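**Q** Take this structure, written in structure tokens, and hold onto it; I'll ask about it next.
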Amino acid sequence: MKKDHLKSYLMISPAILGICLFVVYPMISLIGISFTNYDLVRGSGKFVKLANYEKLFSQPAFGEILSNTLIYTFYYVVLTMSLALFFAFLVQRSNWFDRFVQGVTFLPHITAMVSVSLVWMWLMDPFAGFLNYILEEWFHVKGLQWLQSSSTAMMSVIIINVWKSVGYYTLIILSALKTIPADIYEAADLDHSTKLRTFFKITIPMISPTLFFLLVVMTISSFNVFDSIKVLTGGGPVRSTMVLVYYIYEYAFIHMRLGYAAAAGTVQLIIVSFITFIYFKLLQKRIYYK
Amino acid sequence: MGKIVFERVVKQFDKTTIIRGLNLAIADGSFTVVVGPSGCGKTTLLRMVAGISAVTSGKIYIDDVDVTNIEASERGVAMVFQNYALYPTMTVRQNIEFGLKNIKVPKEERDRLIAEISKIIGLSALLDRRPSSLSGGQRQRVALARAMVKKPKVFLMDEPLSNLDAKLRVQMRTELIELHERLRTTFIYVTHDQVEAMSMADTIVLMNNGQIIQTASPEDLYHEPAHIFAASFIGTPPMNILRCEGCEFAVGFRAEHIHMREAPEDAALRFDARIITREMLGSETNYKIHIPYGDVMAKNPDASFHPGDRLSISIPQNNVYLFQATGERIPFDKEKVRNFLGAAEKKACQEESTGLEKKRDEA
Amino acid sequence: MKTLMHNVAGITVLILKLVLVAIFVFPFVWMILTSFKTIDETNMYPPTLLPHAWTTEGFSKATGLGNFAVYARNSIIVTLCSIVIQFAILIPAAYAFAIKEFPGKKLLFSLVILAFMIPVQVTFVPVYLLMAKLGWLGTLLPQFMPFMANAFGIFLLRQTFMQIPDEIIEAARLDHARERQIITQIMLPMARPTLATIALFAFISSWNSYFWPLVMTDQDQLRPLTVGLAILKDAEGTVNWPAIMAGNVILFLPIIAMFLVAKKQFLGSFSYLGIK
């Protein structure tokens with residue numbers, strides 16, 4: 001018996017080592033660093049207790065950033081979820097056309113965010129961009145500033161991110177839809193239910209565990225938005241697209257103030273952990289009821 | 001070659017004891033069927049012989065060698081699983097070869113063995129197919145071939161026919177019996193189907209709740225059941241058992257021993273009866289008959305009775321089985337039978353509606 | 001009357017679907033077309049759809065850029081190493097968690113779940129310091145080593161292994177197979193679709209990654225294609241859209257190639273994720 005256990009431990013040890021080294025240790029280290037004034041230039045830091053946190057929470061900019069992040073998350077999740085559901089409803093059949101459309105919506109997901117951002121940046125160019133061209137010539141509406149103005153930049157970033165990821169979630173919802181037995185639809189049909197009503201009253205409740213899971217995944221991933229912002233706006237204009245991760249990045253690698261960045265990072269860790277915790281708690285409840 | 005002994009074997013799983021202190025000897029070369037209802041422990045028993053289920057305490061011997069702690073692959077046993085467990089990504093040939101390759105049997109030898117087995121089992125045309133393209137019966141044969149090619153001391157079979165359709169099952173039954181005749185290796189066969197057990201075995205091990213109820217030949221099990229459980233498990237239809245709450249004894253008799261016309265001279269029991277249902281099966285007819293002590297099944301070549309008919313049924317003394325209320329079989333005793341009938345009468349075990357009187361034998 | 005409404009509804013749906021296709025395909029079309037235009041053409045208003053004069057200027061500019069070959073080489077090396085190391089680690093781990101019993105199994109597996117849930121944006125600062133301490137910052141190692149434990153892969157493969165009937169493994173044991181043989185000759189072949197899915201996702205994730213290599217590389221020699229392309233944007237005075245788009249087309253080529261070849265695999269892989 002013992003020998004077999006040893007073998008098992010050997011088999012999982014590289015994975016566990018990797019996890020401890022690159023996930024667990026950094027998490028702990030992050031919290032530790034947040035209590036110091038570690039500076040990347042100097043390469044060292046002293047223990048300053050809660051100084052970083054005090055500074056963090058006293059910054060009006062930080063409040064702005066948190067609200068930016070929350071706004072981003074809110075719109076991103078709402079738009080992505082509703083669009084993903086809508087698309088799933090629209091193209092749920094197995095004929096070749098629907099499947100073609102499914103594949104097409106998935107294309108953005110497998111593309112690099114860098115590429116997506118650059119293309120959309122070009123499309124959203126206020127002067128020579130295609131979007132404004134369409135707005136002005138086809139719809140006779142004045143073109144927008146998109147990424148160049150602080151009032152529209154955030155929305156532009158959100159649109160781009162939604163565009164990129166909605167296909168992925170659509171496919172997941174579609175595969176969840178497949179698990180619903182066909183007879184349920186037949187029964188609803190016999191009960192004179194319209195397609196729309198069936199979708200809302202029957203289909204959605206039946207896949208609600210998946211939807212719930214996706215909600216959490218979307219929320220957590222939205223907290224981590226970075227690539228698009230770095231490429232598109234660098235956090236501007238006027239910090240209108242500055243979100244938490246970018247803030248951390250900036251302080252860590254541009255201002256070199258690791259301690260402070262770690263404090264912001266710890267805040268983010270707490271938020272993400274909190275969401276995950278709530279999710280698991282609610283999941284327990286659901287399983288109990290099931 | 002192929003003698004198995006269980007010595008005080010106990011199997012516990014997660015704090016529940018599935019098998020307690022079991023002792024059993026399986027003779028070399030026998031076709032032993034372990035039969036019992038679901039959950040009785042028969043598959044566990046089989047797996048312990050195979051070595052894929054560990055023994056909690058006790059010993060298992062194969063040919064007088066203690067194999068309790070020996071690896072499954074070192075025991076010289078082969079197993080046919082209920083769902084065949086064929087390797088899905090390999091061809092039939094590769095499935096059969098796998099075990100041989102692992103013990104480094106040279107290629108010519110392997111090819112020869114496979115050709116031999118395929119001919120016996122009838123697989124030669126299928127050797128390059130994948131399991132997914134085979135029918136249930138064909139897959140079963142591959143599983144059998146895979147086991148046979150190992151030339152084991154013991155063949156273990158876990159309900160191998162239960163996934164086949166009825167017709168195929170009957171055909172495979174005879175094929176397995178012929179195979180056993182030919183190989184003369186010990187077969188240990190597990191099933192929940194008592195018909196299979198009765199038709200194939202030379203020794204039946206009847207189990208219930210992790211215990212062995214009786215080990216006997218089919219004839220002995222049928223004619224001399226040691227326990228009510230054995231009596232009512234074996235036989236189609238099962239033995240009629242008359243019992244009632246609080247009575248000290250129980251009385252049983254088989255459907256085919258019920259005389260529906262003239263009472264035989266040595267009749268130990270006689271009842272006023274009424275036919276409830278009738279199933280005409282061709283050479284014989286099954287009747288469900290109501291008597292004051294309950295409903296019983298009768299089997300008779302005489303098909304002339306119909307539902308509603310009143311009649312008198314009787315059972316010869318030789319065919320009456322007497323049991324303790326706790327289930328053990330005891331020798332026939334007129335007093336005790338009379339005792340039972342009397343007590344049963346008093347305890348309102350009778351049906352009121354017919355208003356019949358019970359007659360007791362005075363002979 | 002009902003059929004007319006039905007038809008109207010049907011046509012509306014069809015139009016919606018076509019609009020959908022347009023919305024998702026158009027940016028790609030735009031990207032490809034732009035890459036064949038001249039800079040001047042891209043600065044024109046109104047913007048043109050098809051290039052007036054097809055040119056490969058953009059491509060030569062993008063690939064001619066000093067370190068393009070280096071960037072491409074780095075992307076390839078990092079992605080390949082990533083996949084190889086991840087598979088070497090996740091296969092035994094998934095097997096052990098699926099099949100074997102050992103003390104602390106539940107606890108250790110929850111560690112895997114944890115890794116799944118913690119995003120790199122939380123860990124990057126301390127990992128950067130760790131890489132500095134280990135002296136790895138001058139190498140490509142920081143770009144793939146931190147991902148050596150592919151929690152997603154362990155998860156998925158474990159699930160697949162768990163669905164393999166016990167009987168098959170038991171039959172193999174009775175067939176004198178050693179553990180390693182059982183894994184390589186029986187279980188892995190049965191898990192081929194899952195392995196393909198994991199490889200696909202690992203490839204995409206590594207090839208497209210931007211944030212992580214950005215953080216982990218100071219030297220231009222170490223940068224992958226994604227980071228190189230983003231720099232391209234800031235390189236000159238006016239933005240050279242054809243070059244940027246050309247670079248992106250090149251970046252996208254391996255992905256689209258794989259997508260077309262393994263379309264069924266991609267779209268089929270969602271049945272795993274749907275059941276949660």
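Scheme for the structure tokens: letters A, B, ... for chains in order shown; per-chain residue numbers from 1; ligand numbers from 1 in order shown.
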Could you pull the residues within 10 Å of Ile19 (chain B), counting only C-alpha atoms, minus those fewer than 2 positions along the same chain, as a ChimeraX atom specification?
**A** /B:8-13,16-17,21-22,40-42,44-45,55-56,208-212
**Q** Take the residues from that selection and put them in a file with N, CA and C atoms, as a PDB file, in the first residue's frame.
**A**
```pdb
ATOM      1  N   ARG B   8     -12.823 -18.313   5.975  1.00  0.00           N
ATOM      2  CA  ARG B   8     -13.219 -17.202   6.856  1.00  0.00           C
ATOM      3  C   ARG B   8     -13.033 -15.840   6.196  1.00  0.00           C
ATOM      4  N   VAL B   9     -13.486 -15.752   4.969  1.00  0.00           N
ATOM      5  CA  VAL B   9     -13.260 -14.513   4.232  1.00  0.00           C
ATOM      6  C   VAL B   9     -14.286 -13.455   4.621  1.00  0.00           C
ATOM      7  N   VAL B  10     -13.775 -12.294   4.915  1.00  0.00           N
ATOM      8  CA  VAL B  10     -14.635 -11.167   5.277  1.00  0.00           C
ATOM      9  C   VAL B  10     -14.351 -10.035   4.306  1.00  0.00           C
ATOM     10  N   LYS B  11     -15.408  -9.398   3.865  1.00  0.00           N
ATOM     11  CA  LYS B  11     -15.200  -8.229   3.002  1.00  0.00           C
ATOM     12  C   LYS B  11     -15.968  -7.059   3.572  1.00  0.00           C
ATOM     13  N   GLN B  12     -15.219  -6.011   3.881  1.00  0.00           N
ATOM     14  CA  GLN B  12     -15.847  -4.790   4.385  1.00  0.00           C
ATOM     15  C   GLN B  12     -15.616  -3.677   3.402  1.00  0.00           C
ATOM     16  N   PHE B  13     -16.566  -2.838   3.283  1.00  0.00           N
ATOM     17  CA  PHE B  13     -16.388  -1.723   2.364  1.00  0.00           C
ATOM     18  C   PHE B  13     -16.952  -0.489   3.036  1.00  0.00           C
ATOM     19  N   THR B  16     -19.245  -0.914   6.045  1.00  0.00           N
ATOM     20  CA  THR B  16     -20.313  -1.920   5.994  1.00  0.00           C
ATOM     21  C   THR B  16     -19.701  -3.264   5.647  1.00  0.00           C
ATOM     22  N   THR B  17     -20.151  -4.298   6.325  1.00  0.00           N
ATOM     23  CA  THR B  17     -19.635  -5.638   6.061  1.00  0.00           C
ATOM     24  C   THR B  17     -20.509  -6.280   5.016  1.00  0.00           C
ATOM     25  N   GLY B  21     -17.280 -13.778   7.349  1.00  0.00           N
ATOM     26  CA  GLY B  21     -16.760 -15.111   7.672  1.00  0.00           C
ATOM     27  C   GLY B  21     -17.223 -16.217   6.729  1.00  0.00           C
ATOM     28  N   LEU B  22     -16.919 -16.079   5.454  1.00  0.00           N
ATOM     29  CA  LEU B  22     -17.418 -17.047   4.490  1.00  0.00           C
ATOM     30  C   LEU B  22     -16.422 -18.177   4.273  1.00  0.00           C
ATOM     31  N   CYS B  40     -26.261  -9.617  -3.117  1.00  0.00           N
ATOM     32  CA  CYS B  40     -26.009 -10.685  -2.159  1.00  0.00           C
ATOM     33  C   CYS B  40     -24.528 -10.923  -1.934  1.00  0.00           C
ATOM     34  N   GLY B  41     -23.694 -10.348  -2.782  1.00  0.00           N
ATOM     35  CA  GLY B  41     -22.259 -10.494  -2.571  1.00  0.00           C
ATOM     36  C   GLY B  41     -21.594 -11.425  -3.547  1.00  0.00           C
ATOM     37  N   LYS B  42     -22.357 -11.936  -4.522  1.00  0.00           N
ATOM     38  CA  LYS B  42     -21.770 -12.930  -5.412  1.00  0.00           C
ATOM     39  C   LYS B  42     -20.683 -12.341  -6.307  1.00  0.00           C
ATOM     40  N   THR B  44     -18.888  -9.751  -5.606  1.00  0.00           N
ATOM     41  CA  THR B  44     -17.755  -9.451  -4.732  1.00  0.00           C
ATOM     42  C   THR B  44     -16.910 -10.699  -4.534  1.00  0.00           C
ATOM     43  N   LEU B  45     -17.583 -11.807  -4.334  1.00  0.00           N
ATOM     44  CA  LEU B  45     -16.888 -13.077  -4.153  1.00  0.00           C
ATOM     45  C   LEU B  45     -16.000 -13.375  -5.356  1.00  0.00           C
ATOM     46  N   VAL B  55      -9.341  -8.629  -0.088  1.00  0.00           N
ATOM     47  CA  VAL B  55     -10.005  -9.317   1.013  1.00  0.00           C
ATOM     48  C   VAL B  55      -9.734  -8.551   2.299  1.00  0.00           C
ATOM     49  N   THR B  56     -10.772  -8.273   3.079  1.00  0.00           N
ATOM     50  CA  THR B  56     -10.556  -7.540   4.324  1.00  0.00           C
ATOM     51  C   THR B  56      -9.869  -8.418   5.363  1.00  0.00           C
ATOM     52  N   ASN B 208     -27.151 -15.105  -0.081  1.00  0.00           N
ATOM     53  CA  ASN B 208     -28.058 -14.020   0.246  1.00  0.00           C
ATOM     54  C   ASN B 208     -27.438 -13.196   1.360  1.00  0.00           C
ATOM     55  N   ASN B 209     -27.422 -11.865   1.172  1.00  0.00           N
ATOM     56  CA  ASN B 209     -26.887 -11.001   2.224  1.00  0.00           C
ATOM     57  C   ASN B 209     -25.487 -11.363   2.666  1.00  0.00           C
ATOM     58  N   GLY B 210     -24.648 -11.679   1.724  1.00  0.00           N
ATOM     59  CA  GLY B 210     -23.256 -11.949   2.076  1.00  0.00           C
ATOM     60  C   GLY B 210     -23.015 -13.300   2.707  1.00  0.00           C
ATOM     61  N   GLN B 211     -24.053 -14.113   2.798  1.00  0.00           N
ATOM     62  CA  GLN B 211     -23.866 -15.448   3.392  1.00  0.00           C
ATOM     63  C   GLN B 211     -24.195 -16.525   2.368  1.00  0.00           C
ATOM     64  N   ILE B 212     -23.575 -17.671   2.542  1.00  0.00           N
ATOM     65  CA  ILE B 212     -23.938 -18.805   1.698  1.00  0.00           C
ATOM     66  C   ILE B 212     -25.108 -19.515   2.363  1.00  0.00           C
TER      67      ILE B 212
END
```
**Q** Return as a ChimeraX atom specification the residues belonging to chain A that are within 7 Å of chain C, counting only C-alpha atoms.
**A** /A:5,8,11-12,14-15,18-19,22-23,26-27,29-30,101,104-105,110-112,114-115,119,128-130,133,171-173,175-176,210,224,227,231,245,265,269
**Q** Let's have the selection written as a JSON list (two decimals), in the first residue's frame, with C-alpha atoms.
**A**
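This went into part-v1.json:
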```json
[["chain", "number", "residue", "atom", "x", "y", "z"],
["A", 5, "HIS", "CA", 0.83, 5.88, -2.44],
["A", 8, "SER", "CA", 0.65, 8.49, -6.74],
["A", 11, "MET", "CA", 2.59, 11.41, -10.36],
["A", 12, "ILE", "CA", 1.00, 14.54, -9.02],
["A", 14, "PRO", "CA", 5.13, 18.22, -10.71],
["A", 15, "ALA", "CA", 1.60, 19.61, -11.00],
["A", 18, "GLY", "CA", 3.83, 24.10, -10.25],
["A", 19, "ILE", "CA", 0.69, 25.16, -8.46],
["A", 22, "PHE", "CA", 3.19, 29.78, -9.30],
["A", 23, "VAL", "CA", -0.21, 30.14, -7.69],
["A", 26, "PRO", "CA", 2.51, 34.26, -5.29],
["A", 27, "MET", "CA", -0.82, 34.78, -3.61],
["A", 29, "SER", "CA", 3.72, 36.71, -1.36],
["A", 30, "LEU", "CA", 1.47, 39.33, -2.85],
["A", 101, "VAL", "CA", -23.08, 30.87, -37.85],
["A", 104, "VAL", "CA", -18.38, 32.31, -37.06],
["A", 105, "THR", "CA", -19.34, 33.72, -33.69],
["A", 110, "ILE", "CA", -9.69, 32.22, -30.79],
["A", 111, "THR", "CA", -8.13, 35.42, -32.08],
["A", 112, "ALA", "CA", -5.56, 37.25, -30.01],
["A", 114, "VAL", "CA", -4.19, 42.20, -29.39],
["A", 115, "SER", "CA", -5.37, 41.60, -32.93],
["A", 119, "VAL", "CA", -8.65, 45.92, -35.82],
["A", 128, "ALA", "CA", -10.95, 57.34, -41.33],
["A", 129, "GLY", "CA", -12.64, 54.51, -39.50],
["A", 130, "PHE", "CA", -15.31, 52.37, -41.07],
["A", 133, "TYR", "CA", -18.34, 56.12, -42.16],
["A", 171, "LEU", "CA", -21.39, 27.83, -27.72],
["A", 172, "ILE", "CA", -21.37, 26.79, -24.09],
["A", 173, "ILE", "CA", -25.03, 27.70, -23.76],
["A", 175, "SER", "CA", -24.17, 22.67, -25.60],
["A", 176, "ALA", "CA", -26.14, 23.06, -22.39],
["A", 210, "THR", "CA", -24.91, 26.44, -16.46],
["A", 224, "ASN", "CA", -9.14, 40.79, -15.28],
["A", 227, "ASP", "CA", -4.95, 43.40, -22.99],
["A", 231, "VAL", "CA", -3.48, 48.36, -26.57],
["A", 245, "VAL", "CA", -5.54, 45.35, -13.19],
["A", 265, "GLY", "CA", -3.55, 43.47, -6.14],
["A", 269, "LEU", "CA", -7.67, 39.11, -4.86]]
```
**Q** With 10 Å as the cut-off and only C-alpha atoms counted, what is the closest atom pair between each nearby residue of chain B and chain C? Distances in Å to one decimal, ordered by chain and number, as a tab-separated table.
**A**
```
residue	atom	partner	partner_atom	distance
B:Arg47	CA	C:Glu170	CA	9.9
B:Ala50	CA	C:Leu174	CA	8.1
B:Gly51	CA	C:Leu174	CA	8.7
B:Ile52	CA	C:Glu170	CA	6.7
B:Ser53	CA	C:Glu170	CA	9.8
B:Glu71	CA	C:Leu174	CA	8.8
B:Ala72	CA	C:Leu174	CA	5.8
B:Ser73	CA	C:Leu174	CA	4.5
B:Glu74	CA	C:His176	CA	7.9
B:Arg75	CA	C:Leu174	CA	8.9
B:Gly76	CA	C:Leu174	CA	9.0
B:Val77	CA	C:Leu174	CA	7.8
B:Ala78	CA	C:Leu174	CA	6.9
B:Met79	CA	C:Ala171	CA	7.4
B:Val80	CA	C:Ala171	CA	8.4
B:Phe81	CA	C:Glu167	CA	7.0
B:Gln82	CA	C:Glu167	CA	8.7
B:Asn83	CA	C:Glu167	CA	7.9
B:Tyr84	CA	C:Glu167	CA	8.0
B:Ala85	CA	C:Ile168	CA	4.5
B:Leu86	CA	C:Ile168	CA	6.4
B:Tyr87	CA	C:Ile168	CA	6.6
B:Pro88	CA	C:Met190	CA	7.3
B:Thr89	CA	C:Met190	CA	6.4
B:Met90	CA	C:Ile186	CA	8.4
B:Asn95	CA	C:Ala172	CA	9.7
B:Ile96	CA	C:Asp175	CA	9.5
B:Glu97	CA	C:Asp175	CA	9.3
B:Phe98	CA	C:Asp175	CA	6.8
B:Gly99	CA	C:Asp175	CA	4.1
B:Leu100	CA	C:Asp175	CA	7.6
B:Lys101	CA	C:His176	CA	9.0
B:Asn102	CA	C:His176	CA	5.8
B:Ile103	CA	C:His176	CA	6.8
B:Ala143	CA	C:Ala171	CA	9.7
B:Arg146	CA	C:Asp175	CA	9.0
B:Ala147	CA	C:Asp175	CA	8.9
B:Lys150	CA	C:Asp175	CA	8.5
```
**Q** Do a neighbour search on Gln163 (chain C) at 10 Å with only C-alpha atoms, toss out local chain neighbours closer than 4 positions, and write the hits as a VMD selection string.
**A** chain C and resid 98 157 to 159 191
**Q** Those residues you just picked out, can you put them in a file as a PDB file, in the first residue's frame with N, CA and C atoms?
**A**
```
ATOM      1  N   ALA C  98      -7.715  10.653 -10.944  1.00  0.00           N
ATOM      2  CA  ALA C  98      -8.895   9.930 -11.412  1.00  0.00           C
ATOM      3  C   ALA C  98      -8.960   8.512 -10.864  1.00  0.00           C
ATOM      4  N   LEU C 157      -9.085  16.033 -18.257  1.00  0.00           N
ATOM      5  CA  LEU C 157      -8.583  14.686 -18.497  1.00  0.00           C
ATOM      6  C   LEU C 157      -8.987  13.753 -17.361  1.00  0.00           C
ATOM      7  N   ARG C 158      -9.001  14.285 -16.153  1.00  0.00           N
ATOM      8  CA  ARG C 158      -9.416  13.476 -15.009  1.00  0.00           C
ATOM      9  C   ARG C 158     -10.854  13.014 -15.210  1.00  0.00           C
ATOM     10  N   GLN C 159     -11.685  13.953 -15.630  1.00  0.00           N
ATOM     11  CA  GLN C 159     -13.078  13.619 -15.878  1.00  0.00           C
ATOM     12  C   GLN C 159     -13.203  12.524 -16.918  1.00  0.00           C
ATOM     13  N   ALA C 191      -8.827   8.530 -24.700  1.00  0.00           N
ATOM     14  CA  ALA C 191      -9.044   9.933 -24.334  1.00  0.00           C
ATOM     15  C   ALA C 191      -8.640  10.888 -25.437  1.00  0.00           C
TER      16      ALA C 191
END
```
**Q** Which polymer residues have any atom within 12 Å of an atom of Ser34 (chain A), counting only C-alpha atoms, with same-chain residues fewer than 3 positions away left out, as a PyMOL selection string?
**A** (chain A and resi 26-31+37-39+45-56+248+252+257-267+269) or (chain C and resi 125-126)
**Q** Take the selection from the previous step and output its residues with N, CA and C atoms, as a short mmCIF file (atom, residue, chain, number, x, y, z; two decimals), in the first residue's frame.
**A**
```
data_model
loop_
_atom_site.label_atom_id
_atom_site.label_comp_id
_atom_site.auth_asym_id
_atom_site.auth_seq_id
_atom_site.Cartn_x
_atom_site.Cartn_y
_atom_site.Cartn_z
N PRO A 26 2.72 32.86 -4.90
CA PRO A 26 2.51 34.26 -5.29
C PRO A 26 1.37 34.93 -4.54
N MET A 27 0.30 34.18 -4.32
CA MET A 27 -0.82 34.78 -3.61
C MET A 27 -0.40 35.25 -2.22
N ILE A 28 0.30 34.36 -1.54
CA ILE A 28 0.75 34.71 -0.19
C ILE A 28 1.77 35.84 -0.25
N SER A 29 2.68 35.69 -1.21
CA SER A 29 3.72 36.71 -1.36
C SER A 29 3.14 38.07 -1.67
N LEU A 30 2.10 38.07 -2.47
CA LEU A 30 1.47 39.33 -2.85
C LEU A 30 0.98 40.07 -1.61
N ILE A 31 0.30 39.32 -0.77
CA ILE A 31 -0.21 39.93 0.45
C ILE A 31 0.95 40.42 1.30
N ASN A 37 7.21 48.52 1.37
CA ASN A 37 7.31 49.57 0.35
C ASN A 37 8.34 49.16 -0.70
N TYR A 38 8.27 47.90 -1.04
CA TYR A 38 9.20 47.33 -2.02
C TYR A 38 9.22 48.15 -3.31
N ASP A 39 10.40 48.48 -3.71
CA ASP A 39 10.55 49.30 -4.92
C ASP A 39 11.38 48.52 -5.94
N GLY A 45 12.67 46.50 0.10
CA GLY A 45 11.62 47.27 0.74
C GLY A 45 11.57 47.03 2.22
N LYS A 46 10.94 47.92 2.92
CA LYS A 46 10.82 47.76 4.37
C LYS A 46 9.36 47.53 4.73
N PHE A 47 9.18 46.96 5.87
CA PHE A 47 7.85 46.69 6.37
C PHE A 47 7.17 47.99 6.75
N VAL A 48 6.07 48.30 6.13
CA VAL A 48 5.40 49.57 6.46
C VAL A 48 3.98 49.35 6.95
N LYS A 49 3.67 48.12 7.33
CA LYS A 49 2.33 47.81 7.82
C LYS A 49 1.27 48.23 6.83
N LEU A 50 0.29 48.97 7.27
CA LEU A 50 -0.86 49.24 6.40
C LEU A 50 -0.73 50.54 5.60
N ALA A 51 0.48 51.09 5.54
CA ALA A 51 0.66 52.37 4.86
C ALA A 51 0.14 52.35 3.43
N ASN A 52 0.46 51.28 2.70
CA ASN A 52 0.01 51.20 1.31
C ASN A 52 -1.51 51.25 1.21
N TYR A 53 -2.14 50.53 2.09
CA TYR A 53 -3.60 50.49 2.05
C TYR A 53 -4.20 51.84 2.37
N GLU A 54 -3.60 52.51 3.34
CA GLU A 54 -4.10 53.85 3.68
C GLU A 54 -4.02 54.75 2.47
N LYS A 55 -2.82 54.69 1.85
CA LYS A 55 -2.64 55.52 0.67
C LYS A 55 -3.66 55.15 -0.41
N LEU A 56 -3.84 53.87 -0.57
CA LEU A 56 -4.74 53.36 -1.62
C LEU A 56 -6.15 53.89 -1.43
N ILE A 248 -2.77 48.23 -11.27
CA ILE A 248 -1.72 47.44 -10.63
C ILE A 248 -0.49 47.38 -11.54
N ALA A 252 3.22 48.82 -10.76
CA ALA A 252 4.29 47.84 -10.60
C ALA A 252 5.41 48.05 -11.59
N ARG A 257 6.47 50.88 -8.11
CA ARG A 257 6.18 50.80 -6.68
C ARG A 257 5.44 49.51 -6.39
N LEU A 258 6.20 48.47 -6.19
CA LEU A 258 5.63 47.13 -6.05
C LEU A 258 4.75 46.98 -4.82
N GLY A 259 5.17 47.56 -3.75
CA GLY A 259 4.41 47.43 -2.51
C GLY A 259 3.00 47.95 -2.69
N TYR A 260 2.93 49.12 -3.25
CA TYR A 260 1.64 49.76 -3.46
C TYR A 260 0.79 48.94 -4.44
N ALA A 261 1.46 48.52 -5.53
CA ALA A 261 0.76 47.71 -6.52
C ALA A 261 0.23 46.43 -5.88
N ALA A 262 1.05 45.85 -5.01
CA ALA A 262 0.63 44.60 -4.36
C ALA A 262 -0.60 44.84 -3.49
N ALA A 263 -0.66 46.04 -2.89
CA ALA A 263 -1.84 46.33 -2.07
C ALA A 263 -3.09 46.34 -2.95
N ALA A 264 -2.97 47.02 -4.09
CA ALA A 264 -4.11 47.03 -5.02
C ALA A 264 -4.42 45.61 -5.48
N GLY A 265 -3.37 44.85 -5.71
CA GLY A 265 -3.55 43.47 -6.14
C GLY A 265 -4.26 42.64 -5.09
N THR A 266 -3.93 42.90 -3.84
CA THR A 266 -4.60 42.17 -2.77
C THR A 266 -6.08 42.51 -2.72
N VAL A 267 -6.37 43.77 -2.96
CA VAL A 267 -7.79 44.16 -3.00
C VAL A 267 -8.50 43.36 -4.08
N LEU A 269 -7.61 40.50 -5.29
CA LEU A 269 -7.67 39.11 -4.86
C LEU A 269 -8.87 38.89 -3.95
N VAL C 125 2.73 39.98 -10.23
CA VAL C 125 3.78 40.75 -9.56
C VAL C 125 4.76 39.84 -8.81
N PRO C 126 4.28 39.00 -7.90
CA PRO C 126 5.21 38.14 -7.18
C PRO C 126 5.93 37.15 -8.12
#
```
